[in-house]
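As structure tokens, the structure follows; a few thoughts come after it.
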Amino acid sequence: MMKTTLFQTITRVLLGLFLLIAGVSHLTFLRREFLAQVPTWLPIKPYMTVVLSGGIEIILGVSLVLLMKYKVGLGWITAAFFVAIFPGNIAQLVEHRDAFGLNSDFARWMRLPFQLVLIFVALWSTGAWKQWSAKSI
């Protein structure tokens, strides 16, 4: 198991809590906002997409907080999840959908790089990046 710093641990727990809250909000008070991000070309019904992604976020969030033994694997899974949902951010931009206060193309463009930050945080806070880079040296 990779050793992580206290700051990484705190960041991992905060990411987990963020995902937990986001997942609950998918299923409750922000469902309409999340529906605006579902690409029209996705073969799954938008409502089901929001419910499934919310459930995955809840599972990832709880796991990042509680399952320290599996944190490296969870880091990779969480990063892959952030990559998988990125088309929703692009769909919101190209389909000019307002949600989460993103009511201009400029605002929607500015949001895109944030997904890279989330991917980095998932890999760094869990020690996944360090483990991978140590193996590739």
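Letters A, B, ... mark the chains of the structure tokens in the order given; residue numbers begin at 1 per chain; ligand numbers begin at 1, in order shown.
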
Using DSSP on the backbone coordinates, identify all residues within stretch 14-82 of chain A classified as alpha helix (DSSP H); present the result as a PyMOL selection string. chain A and resi 14-27+31-35+46-66+71-82

Write out as a ChimeraX atom specification each polymer residue whose atoms come within 12 Å of A:Phe86, counting only C-alpha atoms; drop sequence neighbours fewer than 2 positions from it. /A:37-39,79-84,88-93,111-116,118-119

Output file for the selection above: N, CA, C and O atoms, as a PDB file, in the first residue's frame:
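result-v3.pdb, written as the output of this step:
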```
ATOM      1  N   GLN A  37     -26.738  18.066 -18.696  1.00  0.00           N
ATOM      2  CA  GLN A  37     -25.406  17.656 -19.128  1.00  0.00           C
ATOM      3  C   GLN A  37     -25.395  16.337 -19.891  1.00  0.00           C
ATOM      4  O   GLN A  37     -24.359  15.942 -20.411  1.00  0.00           O
ATOM      5  N   VAL A  38     -26.506  15.651 -19.932  1.00  0.00           N
ATOM      6  CA  VAL A  38     -26.534  14.351 -20.601  1.00  0.00           C
ATOM      7  C   VAL A  38     -26.534  14.572 -22.110  1.00  0.00           C
ATOM      8  O   VAL A  38     -27.423  15.237 -22.649  1.00  0.00           O
ATOM      9  N   PRO A  39     -25.526  14.034 -22.806  1.00  0.00           N
ATOM     10  CA  PRO A  39     -25.470  14.211 -24.265  1.00  0.00           C
ATOM     11  C   PRO A  39     -26.695  13.602 -24.946  1.00  0.00           C
ATOM     12  O   PRO A  39     -27.161  12.531 -24.561  1.00  0.00           O
ATOM     13  N   ALA A  79     -10.607   8.507 -11.369  1.00  0.00           N
ATOM     14  CA  ALA A  79     -10.090   9.258 -12.516  1.00  0.00           C
ATOM     15  C   ALA A  79     -10.772   8.804 -13.810  1.00  0.00           C
ATOM     16  O   ALA A  79     -11.150   9.629 -14.646  1.00  0.00           O
ATOM     17  N   ALA A  80     -10.952   7.498 -13.963  1.00  0.00           N
ATOM     18  CA  ALA A  80     -11.621   6.973 -15.154  1.00  0.00           C
ATOM     19  C   ALA A  80     -13.079   7.460 -15.205  1.00  0.00           C
ATOM     20  O   ALA A  80     -13.594   7.791 -16.288  1.00  0.00           O
ATOM     21  N   PHE A  81     -13.730   7.542 -14.055  1.00  0.00           N
ATOM     22  CA  PHE A  81     -15.095   8.059 -14.003  1.00  0.00           C
ATOM     23  C   PHE A  81     -15.130   9.508 -14.475  1.00  0.00           C
ATOM     24  O   PHE A  81     -15.999   9.891 -15.262  1.00  0.00           O
ATOM     25  N   PHE A  82     -14.160  10.314 -14.010  1.00  0.00           N
ATOM     26  CA  PHE A  82     -14.122  11.716 -14.436  1.00  0.00           C
ATOM     27  C   PHE A  82     -13.879  11.833 -15.942  1.00  0.00           C
ATOM     28  O   PHE A  82     -14.400  12.741 -16.588  1.00  0.00           O
ATOM     29  N   VAL A  83     -13.109  10.930 -16.496  1.00  0.00           N
ATOM     30  CA  VAL A  83     -12.919  10.912 -17.958  1.00  0.00           C
ATOM     31  C   VAL A  83     -14.230  10.512 -18.643  1.00  0.00           C
ATOM     32  O   VAL A  83     -14.630  11.120 -19.639  1.00  0.00           O
ATOM     33  N   ALA A  84     -14.915   9.514 -18.081  1.00  0.00           N
ATOM     34  CA  ALA A  84     -16.148   9.003 -18.698  1.00  0.00           C
ATOM     35  C   ALA A  84     -17.271  10.043 -18.719  1.00  0.00           C
ATOM     36  O   ALA A  84     -18.075  10.047 -19.652  1.00  0.00           O
ATOM     37  N   GLY A  88     -20.279  14.798 -21.067  1.00  0.00           N
ATOM     38  CA  GLY A  88     -21.413  15.584 -20.594  1.00  0.00           C
ATOM     39  C   GLY A  88     -21.084  17.062 -20.527  1.00  0.00           C
ATOM     40  O   GLY A  88     -21.914  17.917 -20.859  1.00  0.00           O
ATOM     41  N   ASN A  89     -19.863  17.378 -20.118  1.00  0.00           N
ATOM     42  CA  ASN A  89     -19.436  18.778 -20.082  1.00  0.00           C
ATOM     43  C   ASN A  89     -19.335  19.351 -21.494  1.00  0.00           C
ATOM     44  O   ASN A  89     -19.699  20.501 -21.737  1.00  0.00           O
ATOM     45  N   ILE A  90     -18.840  18.536 -22.405  1.00  0.00           N
ATOM     46  CA  ILE A  90     -18.737  18.974 -23.792  1.00  0.00           C
ATOM     47  C   ILE A  90     -20.135  19.151 -24.394  1.00  0.00           C
ATOM     48  O   ILE A  90     -20.396  20.122 -25.098  1.00  0.00           O
ATOM     49  N   ALA A  91     -21.044  18.217 -24.088  1.00  0.00           N
ATOM     50  CA  ALA A  91     -22.411  18.324 -24.598  1.00  0.00           C
ATOM     51  C   ALA A  91     -23.073  19.600 -24.094  1.00  0.00           C
ATOM     52  O   ALA A  91     -23.775  20.274 -24.855  1.00  0.00           O
ATOM     53  N   GLN A  92     -22.833  19.929 -22.849  1.00  0.00           N
ATOM     54  CA  GLN A  92     -23.411  21.159 -22.306  1.00  0.00           C
ATOM     55  C   GLN A  92     -22.908  22.373 -23.087  1.00  0.00           C
ATOM     56  O   GLN A  92     -23.670  23.295 -23.361  1.00  0.00           O
ATOM     57  N   LEU A  93     -21.644  22.338 -23.487  1.00  0.00           N
ATOM     58  CA  LEU A  93     -21.068  23.439 -24.260  1.00  0.00           C
ATOM     59  C   LEU A  93     -21.633  23.479 -25.682  1.00  0.00           C
ATOM     60  O   LEU A  93     -22.180  24.490 -26.107  1.00  0.00           O
ATOM     61  N   ARG A 111     -15.211  25.824 -17.702  1.00  0.00           N
ATOM     62  CA  ARG A 111     -15.430  24.666 -16.834  1.00  0.00           C
ATOM     63  C   ARG A 111     -14.642  23.443 -17.307  1.00  0.00           C
ATOM     64  O   ARG A 111     -14.263  22.590 -16.499  1.00  0.00           O
ATOM     65  N   LEU A 112     -14.398  23.328 -18.590  1.00  0.00           N
ATOM     66  CA  LEU A 112     -13.768  22.123 -19.138  1.00  0.00           C
ATOM     67  C   LEU A 112     -12.441  21.761 -18.474  1.00  0.00           C
ATOM     68  O   LEU A 112     -12.236  20.591 -18.129  1.00  0.00           O
ATOM     69  N   PRO A 113     -11.521  22.717 -18.267  1.00  0.00           N
ATOM     70  CA  PRO A 113     -10.251  22.336 -17.640  1.00  0.00           C
ATOM     71  C   PRO A 113     -10.398  21.841 -16.201  1.00  0.00           C
ATOM     72  O   PRO A 113      -9.515  21.139 -15.695  1.00  0.00           O
ATOM     73  N   PHE A 114     -11.491  22.185 -15.549  1.00  0.00           N
ATOM     74  CA  PHE A 114     -11.691  21.728 -14.184  1.00  0.00           C
ATOM     75  C   PHE A 114     -11.738  20.208 -14.109  1.00  0.00           C
ATOM     76  O   PHE A 114     -11.340  19.615 -13.108  1.00  0.00           O
ATOM     77  N   GLN A 115     -12.187  19.558 -15.178  1.00  0.00           N
ATOM     78  CA  GLN A 115     -12.232  18.095 -15.195  1.00  0.00           C
ATOM     79  C   GLN A 115     -10.823  17.514 -15.086  1.00  0.00           C
ATOM     80  O   GLN A 115     -10.614  16.506 -14.434  1.00  0.00           O
ATOM     81  N   LEU A 116      -9.851  18.174 -15.711  1.00  0.00           N
ATOM     82  CA  LEU A 116      -8.451  17.732 -15.578  1.00  0.00           C
ATOM     83  C   LEU A 116      -7.974  17.855 -14.143  1.00  0.00           C
ATOM     84  O   LEU A 116      -7.225  17.009 -13.648  1.00  0.00           O
ATOM     85  N   LEU A 118      -9.863  17.573 -11.484  1.00  0.00           N
ATOM     86  CA  LEU A 118     -10.471  16.466 -10.746  1.00  0.00           C
ATOM     87  C   LEU A 118      -9.726  15.147 -10.989  1.00  0.00           C
ATOM     88  O   LEU A 118      -9.511  14.369 -10.057  1.00  0.00           O
ATOM     89  N   ILE A 119      -9.327  14.915 -12.222  1.00  0.00           N
ATOM     90  CA  ILE A 119      -8.571  13.702 -12.544  1.00  0.00           C
ATOM     91  C   ILE A 119      -7.248  13.707 -11.786  1.00  0.00           C
ATOM     92  O   ILE A 119      -6.871  12.705 -11.163  1.00  0.00           O
TER      93      ILE A 119
END
```

Close residues, A:Val72 itself excluded, 10 Å, only C-alpha atoms, min 4 positions apart in chain, as a count of residues only: 18

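Note that the spacing between atom CA of A:Val51 and atom CA of A:Leu74 amounts to 20.7 Å.
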
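Counting from atom CA of A:Tyr47, the distance to atom CA of A:Leu35 is 6.8 Å.
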
For A:Val13, the nearest of the candidates A:Arg97, A:Phe120, A:Leu66, A:Gly54, counting only C-alpha atoms: A:Leu66

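Counting only C-alpha atoms and comparing A:Gly61, A:Gly23, A:Thr4, A:Ala36, the residue that lies closest to A:Leu102 is A:Ala36.
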
Can you list, as a VMD selection string, every protein, DNA or RNA residue that comes within 12 Å of A:Val62 when you count only C-alpha atoms, leaving out same-chain residues fewer than 6 positions away? chain A and resid 12 to 24 55 to 56 68 71 74 78

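With distances taken over only C-alpha atoms, A:Val121 is the one residue among A:Ile58, A:Leu52, A:Val121, A:Ile85 lying closest to A:Phe7.
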